[in-house]
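Chemist: Quick one: the structure is below, questions incoming.
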Number of protein chains: 2
Amino acid sequence: LAGANPALISVDWGTSSFRAYLADAEGLALDVIPEGKGALSLQAGEHEPYLNEKLAAWRGAHPDLPVIASGMVGARQGWIEAPYAASPAGANEIAAATIEAPGGVRILPGVSHVDARGAPDVMRGEETQILGADIDEGVVVLPGTHSKWARIVGRRIVAFATYMTGEVFAVLKTHSVLGRMMATPSEGAETQGFLKGVDASVALKNPGDLLHAAFMARTYGLFGEMDGADLAEYLSGLLIGAEILSGAEGVRRATVIATAGLARRYVAAGARLGVRLEPASDNCATLGQIAVARRLGLMD
Amino acid sequence: LAGANPALISVDWGTSSFRAYLADAEGLALDVIPEGKGALSLQAGEHEPYLNEKLAAWRGAHPDLPVIASGMVGARQGWIEAPYAASPAGANEIAAATIEAPGGVRILPGVSHVDARGAPDVMRGEETQILGADIDEGVVVLPGTHSKWARIVGRRIVAFATYMTGEVFAVLKTHSVLGRMMATPSEGAETQGFLKGVDASVALKNPGDLLHAAFMARTYGLFGEMDGADLAEYLSGLLIGAEILSGAEGVRRATVIATAGLARRYVAAGARLGVRLEPASDNCATLGQIAVARRLGLMD
């Protein structure tokens with residue numbers, strides 16, 4: 001690290017996760033605190049002392065660095081609420097809605113969107129990663145418990161939609177009849193079951209067909225046509241495929257921001273569906289925070 | 001009951017429910033045993049003595065009556081397995097696959113179906129109710145945890161599909177983030193929330209849109225646009241609406257076999273969607289068993 005110049009302390013503080021980086025001006029991590037308590041697992045009043053303790057060494061060595069946080073730490077149930085910036089929102093709008101917490105910590109807001117039918121949607125944390133992906137125009141997906149698909153125009157988030165893909169998979173596997181015959185999928189390459197699920201998503205015609213096709217994650221087992229791991233993979237492929245066909249409607253390519261394993265599943269499903277998903281760099285959160293910090297005059 | 005002639009003992013024995021009727025030749029209940037242990041809550045070897053005990057008084061008074069059972073009692077995990085009759089299946093095919101259990105009890109089989117893509121589906125219990133609904137040609141829905149939509153041609157079930165509507169609602173309400181703000185819907189008339197959910201189902205374009213529209217059962221609450229009961233009603237209306245639009249594709253009317261409360265919800269949703277759902281009589285299971293008993297020569 002000789003010659004490296006720390007430029008900010010970047011805190012990615014989610015519902016149940018904490019990760020902090022001592023980063024240079026290009027977003028490169030010079031040091032990392034890989035884990036900690038999630039923002040929603042701390043009680044009111046506990047966030048400030050907890051953060052001070054976690055960052056003490058870095059702040060002692062570099063007392064003048066800006067500290068920028070994003071994620072559920074800015075939710076009402078988090079440390080201090082940073083109200084949503086309304087879409088369309090880019091770095092300027094997000095910077096304008098950034099709040100200052102005790103100790104000079106900046107907390108970025110989430111972004112809200114109301115669609116043409118008047119239905120509201122929200123993200124918190126993903127907007128920062130989207131800024132960091134540095135997209136002029138296009139579509140970006142952040143897969144997960146609540147996947148987000150966002151449309152970017154003029155470097156601003158103009159629309160987005162949440163898909164409950166990961167959570168629907170988890171509750172069906174854990175709590176519904178579908179889970180009874182399922183085994184945990186292997187961490188390796190996507191299986192036949194996964195690709196069969198993706199293919200089944202293509203055959204869906206009506207939205208309600210999804211409520212039917214999911215049941216095949218039981219009947220393929222009852223009829224001895226899939227083993228337990230493939231049953232889980234089938235359901236995963238079905239839901240991810242349906243999500244991609246909806247989220248990527250009208251486009252043939254999109255940027256995917258995810259951990260390597262999850263990104264690989266989406267890339268494989270997308271390829272099957274004619275949608276090219278291109279992984280973004282893995283430090284998008286820090287890069288997005290830098291974009292905001294510059295607009296706030298906290299970094300050169 | 002003077003003058004009434006008992007003609008059969010009709011047992012509707014589901015996964016977690018037991019109901020028996022002393023019925024006349026028209027399917028009219030002369031006496032009822034309203035509850036008991038479900039077929040899957042008994043261990044192997046317990047079904048015969050349990051049934052003997054439940055039916056002792058009726059059998060003592062009417063020793064020659066046929067005893068006909070349908071439902072999960074005939075599943076592999078039930079009393080004795082009655083293997084599925086393959087579609088197309090009507091009274092003749094179901095009678096041919098009916099098995100005789102100890103004590104002369106007849107257990108009706110379920111029905112299986114493989115669709116054009118090779119995906120298997122199953123029902124067990126519903127086929128008997130469908131027979132009892134006495135439909136020459138048309139579509140019939142049996143709403144519930146796992147709703148069934150069946151196509152009837154020439155008085156036989158030629159195709160059907162399971163929709164996990166009731167179970168998806170239950171696991172999302174109980175185990176997902178959606179349930180956090182939900183209250184239990186009232187038992188009264190369907191609310192604004194329910195109709196808003198049904199209307200949202202019409203606006204779905206891609207199957208994956210369902211994974212997005214479900215999330216509004218949270219955001220409408222976050223934005224103060226729905227109370228807890230309406231959030232649950234919205235999700236119910238969304239899922240039921242999507243199910244109807246898929247199950248009733250290509251038809252404008254169908255028969256609904258359900259308890260009064262559930263039938264009313266489906267009728268209301270169907271009316272909103274241009275699908276006329278007409279409730280069947282409430283003794284379809286007994287009527288279907290009679291149709292089979294006649295083919296087996298057990299009744300005149």
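The way I read the labels, and the way they are meant: chains A, B, ... in the order of the structure tokens, residue 1 as the first residue of every chain, and ligand 1 as the first ligand shown, with later ones counted on from there.
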Write out as a list in words every residue belonging to chain A that has an atom at most 7 Å from any atom of chain B, counting only C-alpha atoms.
Modeler: Ala119, Pro120, Asp121, Ala161, Thr162, Tyr163, Met164, Thr165, Glu167, Val171, His175, Ser176, Leu204, Lys205, Asn206, Pro207, Gly208, Asp209, Leu210, Leu211, His212, Phe215, Met216, Thr219, Tyr220, Ala242, Glu243, Leu245 and Ser246 of chain A
Chemist: For N, CA and C atoms, I'd like the residues from the last selection saved as an mmCIF file, in the first residue's frame.
Modeler:
data_model
loop_
_atom_site.group_PDB
_atom_site.id
_atom_site.type_symbol
_atom_site.label_atom_id
_atom_site.label_comp_id
_atom_site.auth_asym_id
_atom_site.auth_seq_id
_atom_site.Cartn_x
_atom_site.Cartn_y
_atom_site.Cartn_z
ATOM 1 N N ALA A 119 -48.562 3.368 -8.524
ATOM 2 C CA ALA A 119 -48.011 2.443 -7.534
ATOM 3 C C ALA A 119 -46.607 2.876 -7.130
ATOM 4 N N PRO A 120 -46.382 3.029 -5.831
ATOM 5 C CA PRO A 120 -45.064 3.487 -5.363
ATOM 6 C C PRO A 120 -44.069 2.347 -5.236
ATOM 7 N N ASP A 121 -42.787 2.688 -5.358
ATOM 8 C CA ASP A 121 -41.726 1.705 -5.145
ATOM 9 C C ASP A 121 -40.548 2.428 -4.500
ATOM 10 N N ALA A 161 -38.296 -0.884 -10.703
ATOM 11 C CA ALA A 161 -39.287 -1.801 -10.148
ATOM 12 C C ALA A 161 -38.594 -2.847 -9.281
ATOM 13 N N THR A 162 -39.237 -3.159 -8.169
ATOM 14 C CA THR A 162 -38.754 -4.209 -7.268
ATOM 15 C C THR A 162 -39.427 -5.528 -7.626
ATOM 16 N N TYR A 163 -38.658 -6.601 -7.645
ATOM 17 C CA TYR A 163 -39.184 -7.959 -7.840
ATOM 18 C C TYR A 163 -38.812 -8.786 -6.613
ATOM 19 N N MET A 164 -39.800 -9.456 -6.028
ATOM 20 C CA MET A 164 -39.567 -10.182 -4.781
ATOM 21 C C MET A 164 -38.965 -11.578 -5.009
ATOM 22 N N THR A 165 -38.232 -11.726 -6.088
ATOM 23 C CA THR A 165 -37.734 -13.027 -6.533
ATOM 24 C C THR A 165 -37.041 -13.834 -5.433
ATOM 25 N N GLU A 167 -36.966 -13.440 -2.176
ATOM 26 C CA GLU A 167 -37.785 -13.734 -0.999
ATOM 27 C C GLU A 167 -38.883 -14.742 -1.323
ATOM 28 N N VAL A 171 -39.267 -18.185 0.796
ATOM 29 C CA VAL A 171 -40.444 -18.570 1.600
ATOM 30 C C VAL A 171 -41.118 -19.806 1.014
ATOM 31 N N HIS A 175 -41.192 -22.694 3.569
ATOM 32 C CA HIS A 175 -42.473 -22.743 4.262
ATOM 33 C C HIS A 175 -43.620 -23.355 3.474
ATOM 34 N N SER A 176 -43.426 -23.636 2.168
ATOM 35 C CA SER A 176 -44.550 -24.193 1.408
ATOM 36 C C SER A 176 -44.326 -25.680 1.144
ATOM 37 N N LEU A 204 -44.471 -19.247 -20.120
ATOM 38 C CA LEU A 204 -45.580 -18.611 -19.399
ATOM 39 C C LEU A 204 -46.260 -17.602 -20.319
ATOM 40 N N LYS A 205 -47.570 -17.625 -20.355
ATOM 41 C CA LYS A 205 -48.303 -16.663 -21.174
ATOM 42 C C LYS A 205 -48.959 -15.616 -20.292
ATOM 43 N N ASN A 206 -49.801 -16.067 -19.391
ATOM 44 C CA ASN A 206 -50.501 -15.145 -18.494
ATOM 45 C C ASN A 206 -49.722 -15.022 -17.188
ATOM 46 N N PRO A 207 -49.796 -13.843 -16.561
ATOM 47 C CA PRO A 207 -49.078 -13.675 -15.285
ATOM 48 C C PRO A 207 -49.432 -14.749 -14.258
ATOM 49 N N GLY A 208 -50.692 -15.155 -14.215
ATOM 50 C CA GLY A 208 -51.080 -16.169 -13.247
ATOM 51 C C GLY A 208 -50.456 -17.530 -13.508
ATOM 52 N N ASP A 209 -49.927 -17.724 -14.724
ATOM 53 C CA ASP A 209 -49.271 -19.004 -15.029
ATOM 54 C C ASP A 209 -48.124 -19.291 -14.065
ATOM 55 N N LEU A 210 -47.547 -18.236 -13.511
ATOM 56 C CA LEU A 210 -46.437 -18.421 -12.571
ATOM 57 C C LEU A 210 -46.898 -19.183 -11.328
ATOM 58 N N LEU A 211 -48.151 -18.938 -10.899
ATOM 59 C CA LEU A 211 -48.693 -19.635 -9.725
ATOM 60 C C LEU A 211 -48.885 -21.120 -10.017
ATOM 61 N N HIS A 212 -48.999 -21.451 -11.301
ATOM 62 C CA HIS A 212 -49.132 -22.846 -11.725
ATOM 63 C C HIS A 212 -47.761 -23.493 -11.938
ATOM 64 N N PHE A 215 -45.789 -24.912 -9.101
ATOM 65 C CA PHE A 215 -46.233 -26.189 -8.516
ATOM 66 C C PHE A 215 -45.483 -27.376 -9.126
ATOM 67 N N MET A 216 -44.934 -27.184 -10.309
ATOM 68 C CA MET A 216 -44.164 -28.261 -10.946
ATOM 69 C C MET A 216 -42.890 -28.560 -10.137
ATOM 70 N N THR A 219 -44.472 -31.482 -8.521
ATOM 71 C CA THR A 219 -44.913 -32.630 -9.318
ATOM 72 C C THR A 219 -43.751 -33.307 -10.053
ATOM 73 N N TYR A 220 -42.740 -32.527 -10.477
ATOM 74 C CA TYR A 220 -41.581 -33.183 -11.095
ATOM 75 C C TYR A 220 -40.905 -34.122 -10.091
ATOM 76 N N ALA A 242 -38.577 -15.445 -15.089
ATOM 77 C CA ALA A 242 -39.751 -14.558 -15.161
ATOM 78 C C ALA A 242 -39.361 -13.129 -14.825
ATOM 79 N N GLU A 243 -38.496 -12.967 -13.842
ATOM 80 C CA GLU A 243 -38.040 -11.623 -13.468
ATOM 81 C C GLU A 243 -37.311 -10.956 -14.627
ATOM 82 N N LEU A 245 -37.464 -11.601 -17.859
ATOM 83 C CA LEU A 245 -38.348 -11.320 -19.005
ATOM 84 C C LEU A 245 -39.204 -10.085 -18.748
ATOM 85 N N SER A 246 -39.514 -9.833 -17.488
ATOM 86 C CA SER A 246 -40.279 -8.630 -17.159
ATOM 87 C C SER A 246 -39.362 -7.415 -17.052
#
Chemist: Go through B:Ala57, B:Ala23, B:Val275, B:Val73 one by one, measure the shortest atom-to-atom distance of each to B:Gly38 using only C-alpha atoms, and give the residue with the smallest value.
Modeler: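 Under the stated criterion, the closest residue is B:Val73.
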Chemist: For B:Gln43, list every protein, DNA or RNA residue within 12 Å, evaluated using only C-alpha atoms, and leave out those in the same chain fewer than 2 positions away; present the list as number ranges by chain.
Modeler: B: 37-41, 45-50, 73, 76-80
Chemist: Any chance you can output those residues with N, CA and C atoms as a PDB file, in the first residue's frame?
Modeler:
ATOM      1  N   LYS B  37     -60.131 -36.318  12.459  1.00  0.00           N
ATOM      2  CA  LYS B  37     -58.701 -36.183  12.172  1.00  0.00           C
ATOM      3  C   LYS B  37     -58.438 -36.324  10.679  1.00  0.00           C
ATOM      4  N   GLY B  38     -57.525 -35.496  10.155  1.00  0.00           N
ATOM      5  CA  GLY B  38     -57.152 -35.565   8.756  1.00  0.00           C
ATOM      6  C   GLY B  38     -56.423 -36.855   8.428  1.00  0.00           C
ATOM      7  N   ALA B  39     -56.509 -37.251   7.151  1.00  0.00           N
ATOM      8  CA  ALA B  39     -55.925 -38.530   6.728  1.00  0.00           C
ATOM      9  C   ALA B  39     -54.413 -38.553   6.881  1.00  0.00           C
ATOM     10  N   LEU B  40     -53.771 -37.375   6.786  1.00  0.00           N
ATOM     11  CA  LEU B  40     -52.316 -37.353   6.907  1.00  0.00           C
ATOM     12  C   LEU B  40     -51.858 -37.070   8.332  1.00  0.00           C
ATOM     13  N   SER B  41     -52.815 -36.913   9.259  1.00  0.00           N
ATOM     14  CA  SER B  41     -52.421 -36.732  10.658  1.00  0.00           C
ATOM     15  C   SER B  41     -52.492 -38.051  11.417  1.00  0.00           C
ATOM     16  N   GLY B  45     -51.829 -47.736   9.862  1.00  0.00           N
ATOM     17  CA  GLY B  45     -52.513 -48.675  10.752  1.00  0.00           C
ATOM     18  C   GLY B  45     -53.600 -48.041  11.594  1.00  0.00           C
ATOM     19  N   GLU B  46     -53.617 -46.730  11.632  1.00  0.00           N
ATOM     20  CA  GLU B  46     -54.611 -46.058  12.483  1.00  0.00           C
ATOM     21  C   GLU B  46     -55.904 -45.731  11.739  1.00  0.00           C
ATOM     22  N   HIS B  47     -55.862 -45.726  10.389  1.00  0.00           N
ATOM     23  CA  HIS B  47     -57.031 -45.250   9.637  1.00  0.00           C
ATOM     24  C   HIS B  47     -58.243 -46.162   9.802  1.00  0.00           C
ATOM     25  N   GLU B  48     -58.026 -47.483   9.689  1.00  0.00           N
ATOM     26  CA  GLU B  48     -59.174 -48.387   9.740  1.00  0.00           C
ATOM     27  C   GLU B  48     -59.888 -48.319  11.096  1.00  0.00           C
ATOM     28  N   PRO B  49     -59.174 -48.499  12.223  1.00  0.00           N
ATOM     29  CA  PRO B  49     -59.887 -48.407  13.502  1.00  0.00           C
ATOM     30  C   PRO B  49     -60.502 -47.025  13.733  1.00  0.00           C
ATOM     31  N   TYR B  50     -59.827 -45.972  13.263  1.00  0.00           N
ATOM     32  CA  TYR B  50     -60.379 -44.627  13.455  1.00  0.00           C
ATOM     33  C   TYR B  50     -61.702 -44.485  12.707  1.00  0.00           C
ATOM     34  N   VAL B  73     -57.065 -39.356   1.721  1.00  0.00           N
ATOM     35  CA  VAL B  73     -57.066 -40.692   2.325  1.00  0.00           C
ATOM     36  C   VAL B  73     -56.480 -41.719   1.354  1.00  0.00           C
ATOM     37  N   ARG B  76     -50.426 -41.798  -1.042  1.00  0.00           N
ATOM     38  CA  ARG B  76     -49.411 -42.731  -0.570  1.00  0.00           C
ATOM     39  C   ARG B  76     -49.210 -42.585   0.945  1.00  0.00           C
ATOM     40  N   GLN B  77     -49.287 -41.354   1.443  1.00  0.00           N
ATOM     41  CA  GLN B  77     -49.099 -41.120   2.874  1.00  0.00           C
ATOM     42  C   GLN B  77     -50.412 -41.232   3.642  1.00  0.00           C
ATOM     43  N   GLY B  78     -51.505 -41.622   2.952  1.00  0.00           N
ATOM     44  CA  GLY B  78     -52.815 -41.741   3.611  1.00  0.00           C
ATOM     45  C   GLY B  78     -53.037 -43.156   4.144  1.00  0.00           C
ATOM     46  N   TRP B  79     -54.253 -43.668   3.933  1.00  0.00           N
ATOM     47  CA  TRP B  79     -54.588 -44.997   4.443  1.00  0.00           C
ATOM     48  C   TRP B  79     -54.023 -46.083   3.516  1.00  0.00           C
ATOM     49  N   ILE B  80     -54.572 -46.131   2.302  1.00  0.00           N
ATOM     50  CA  ILE B  80     -54.091 -47.066   1.278  1.00  0.00           C
ATOM     51  C   ILE B  80     -54.026 -46.270  -0.010  1.00  0.00           C
TER      52      ILE B  80
END
Chemist: Skipping near chain neighbours, those fewer than 5 positions away, what residues fall within 12 Å of stretch 62-66 of chain B using only C-alpha atoms, listed as a PyMOL selection string?
Modeler: chain B and resi 5-11+21-25+55-57+100+103-107+289-290+292-294+296-300
Chemist: List every residue of stretch 77-278 of chain B that DSSP, applied to the backbone of this structure, assigns to alpha helix (DSSP H), and report them as a compact mmCIF listing (two decimals) with C-alpha atoms, in the first residue's frame.
Modeler:
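Everything below was put into selection-v4.txt:
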# COMPACT_ATOMS: atom_id res chain seq x y z
CA ALA B 91 -66.87 -41.39 -13.79
CA ASN B 92 -65.97 -44.61 -15.64
CA GLU B 93 -62.20 -44.10 -15.41
CA ILE B 94 -62.41 -43.03 -11.78
CA ALA B 95 -64.64 -46.01 -10.93
CA ALA B 96 -62.16 -48.35 -12.64
CA GLU B 126 -61.27 -32.42 -6.45
CA GLU B 127 -61.99 -34.94 -9.24
CA THR B 128 -64.85 -36.32 -7.14
CA GLN B 129 -66.32 -32.87 -6.59
CA ILE B 130 -66.02 -32.15 -10.30
CA LEU B 131 -67.96 -35.33 -11.10
CA GLY B 132 -70.58 -34.19 -8.62
CA ALA B 133 -70.93 -30.78 -10.27
CA THR B 165 -52.72 -19.11 -4.95
CA GLY B 166 -53.85 -19.83 -1.40
CA GLU B 167 -50.50 -21.13 -0.25
CA VAL B 168 -48.54 -18.30 -1.88
CA PHE B 169 -50.82 -15.81 -0.12
CA ALA B 170 -50.37 -17.57 3.22
CA VAL B 171 -46.57 -17.88 3.11
CA LEU B 172 -46.12 -14.30 1.90
CA LYS B 173 -48.43 -12.97 4.62
CA THR B 174 -46.92 -15.10 7.37
CA HIS B 175 -43.26 -15.31 6.43
CA GLN B 192 -61.39 -1.57 -1.75
CA GLY B 193 -58.03 -3.25 -1.23
CA PHE B 194 -59.28 -6.52 -2.72
CA LEU B 195 -60.69 -4.81 -5.79
CA LYS B 196 -57.53 -2.74 -6.20
CA GLY B 197 -55.59 -6.01 -6.19
CA VAL B 198 -57.90 -7.55 -8.80
CA ASP B 199 -57.50 -4.44 -10.96
CA ALA B 200 -53.72 -4.66 -10.59
CA SER B 201 -53.87 -8.21 -11.95
CA VAL B 202 -55.41 -6.88 -15.17
CA ALA B 203 -52.48 -4.50 -15.63
CA ASP B 209 -44.78 -8.67 -13.23
CA LEU B 210 -46.50 -10.64 -10.48
CA LEU B 211 -43.22 -10.71 -8.51
CA HIS B 212 -43.26 -6.89 -8.72
CA ALA B 213 -46.94 -6.15 -8.14
CA MET B 216 -46.98 -3.05 -3.62
CA ALA B 217 -48.60 -4.87 -0.69
CA ARG B 218 -45.72 -3.27 1.21
CA THR B 219 -45.21 0.06 -0.54
CA TYR B 220 -48.89 1.06 -0.40
CA GLY B 221 -48.49 0.67 3.35
CA LEU B 222 -45.16 2.50 3.53
CA GLY B 228 -53.19 -3.28 7.24
CA ALA B 229 -56.39 -5.09 6.30
CA ASP B 230 -56.40 -3.59 2.80
CA LEU B 231 -52.77 -4.59 2.26
CA ALA B 232 -53.74 -8.22 2.85
CA GLU B 233 -56.86 -7.82 0.68
CA TYR B 234 -54.78 -6.26 -2.09
CA LEU B 235 -52.42 -9.24 -2.17
CA SER B 236 -55.37 -11.65 -2.10
CA GLY B 237 -57.11 -9.82 -4.97
CA LEU B 238 -53.90 -9.62 -7.01
CA LEU B 239 -53.24 -13.36 -6.73
CA ILE B 240 -56.85 -14.45 -7.24
CA GLY B 241 -57.19 -12.08 -10.20
CA ALA B 242 -54.03 -13.43 -11.81
CA GLU B 243 -55.24 -16.99 -11.22
CA ILE B 244 -58.63 -16.32 -12.82
CA LEU B 245 -57.11 -14.58 -15.85
CA SER B 246 -54.90 -17.61 -16.43
CA GLY B 247 -57.31 -20.40 -15.49
CA ALA B 260 -69.54 -19.83 0.51
CA GLY B 261 -66.99 -17.25 1.66
CA LEU B 262 -64.29 -18.26 -0.78
CA ALA B 263 -66.78 -18.65 -3.63
CA ARG B 264 -67.97 -15.09 -2.99
CA ARG B 265 -64.44 -13.71 -3.33
CA TYR B 266 -63.95 -15.54 -6.61
CA VAL B 267 -67.34 -14.46 -7.95
CA ALA B 268 -66.53 -10.83 -7.09
CA ALA B 269 -63.10 -11.00 -8.70
CA GLY B 270 -64.48 -12.81 -11.74
CA ALA B 271 -67.18 -10.17 -12.21
CA ARG B 272 -64.46 -7.50 -12.23
CA LEU B 273 -62.58 -9.47 -14.88
Chemist: For B:Asn52, which residue out of B:Arg253, B:Gly125, B:Val32, B:Pro102 is the nearest one, using only C-alpha atoms?
Modeler: B:Pro102
Chemist: Hey, can you check how far atom CA of A:Arg155 sits from atom CA of A:Ser16?
Modeler: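 Taking atom CA of A:Arg155 and atom CA of A:Ser16, their separation equals 29.4 Å.
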Chemist: To one decimal place, how far is atom CA of B:Glu137 from atom CA of B:Arg156 in Å?
Modeler: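 Atom CA of B:Glu137 sits 8.4 Å away from atom CA of B:Arg156.
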Chemist: Can you pull out every residue within 8 Å of A:Val251, counting only C-alpha atoms, but drop anything in the same chain fewer than 3 positions away, and send it as a ChimeraX atom specification?
Modeler: /A:139,248,254,275
Chemist: If you run DSSP on the backbone here, which positions in stretch 93-285 of chain A get strand (DSSP E or B)? Please write them as a count of residues only.
Modeler: 40
Chemist: Work out how far atom CA of A:Thr255 is from atom CA of A:Val141, in Å to one decimal.
Modeler: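 Separation of atom CA of A:Val141 and atom CA of A:Thr255: 6.2 Å.
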Chemist: Excluding same-chain residues fewer than 4 positions from B:Phe160, what lies within 7 Å of it counting only C-alpha atoms, as an MDAnalysis selection string?
Modeler: chainID B and resid 113 148:151
Chemist: Go ahead and write the selection's residues with N, CA and C atoms as an mmCIF file, in the first residue's frame.
Modeler:
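Saved the output as selection_36.cif:
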data_model
loop_
_atom_site.group_PDB
_atom_site.id
_atom_site.type_symbol
_atom_site.label_atom_id
_atom_site.label_comp_id
_atom_site.auth_asym_id
_atom_site.auth_seq_id
_atom_site.Cartn_x
_atom_site.Cartn_y
_atom_site.Cartn_z
ATOM 1 N N HIS B 113 -52.461 -35.494 -14.785
ATOM 2 C CA HIS B 113 -52.510 -34.916 -16.126
ATOM 3 C C HIS B 113 -51.101 -34.475 -16.509
ATOM 4 N N LYS B 148 -57.571 -25.597 -8.294
ATOM 5 C CA LYS B 148 -57.559 -26.411 -9.507
ATOM 6 C C LYS B 148 -58.503 -25.791 -10.522
ATOM 7 N N TRP B 149 -58.036 -25.669 -11.756
ATOM 8 C CA TRP B 149 -58.881 -25.266 -12.881
ATOM 9 C C TRP B 149 -58.902 -26.434 -13.856
ATOM 10 N N ALA B 150 -60.106 -26.944 -14.135
ATOM 11 C CA ALA B 150 -60.225 -28.126 -14.989
ATOM 12 C C ALA B 150 -61.106 -27.846 -16.190
ATOM 13 N N ARG B 151 -60.747 -28.447 -17.310
ATOM 14 C CA ARG B 151 -61.562 -28.386 -18.542
ATOM 15 C C ARG B 151 -62.302 -29.715 -18.676
#
Chemist: With only C-alpha atoms as the atoms that count, which of A:Arg252, A:Arg19, A:Arg180, A:Arg276 lies nearest to A:Ser70?
Modeler: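 The closest residue to A:Ser70 is A:Arg19.
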Chemist: Have a look at A:Ala4, A:Val111, A:Ala159, A:Leu51 and name the one nearest to A:Leu30; count only C-alpha atoms.
Modeler: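 Of all the options, A:Ala4 lies closest to A:Leu30.
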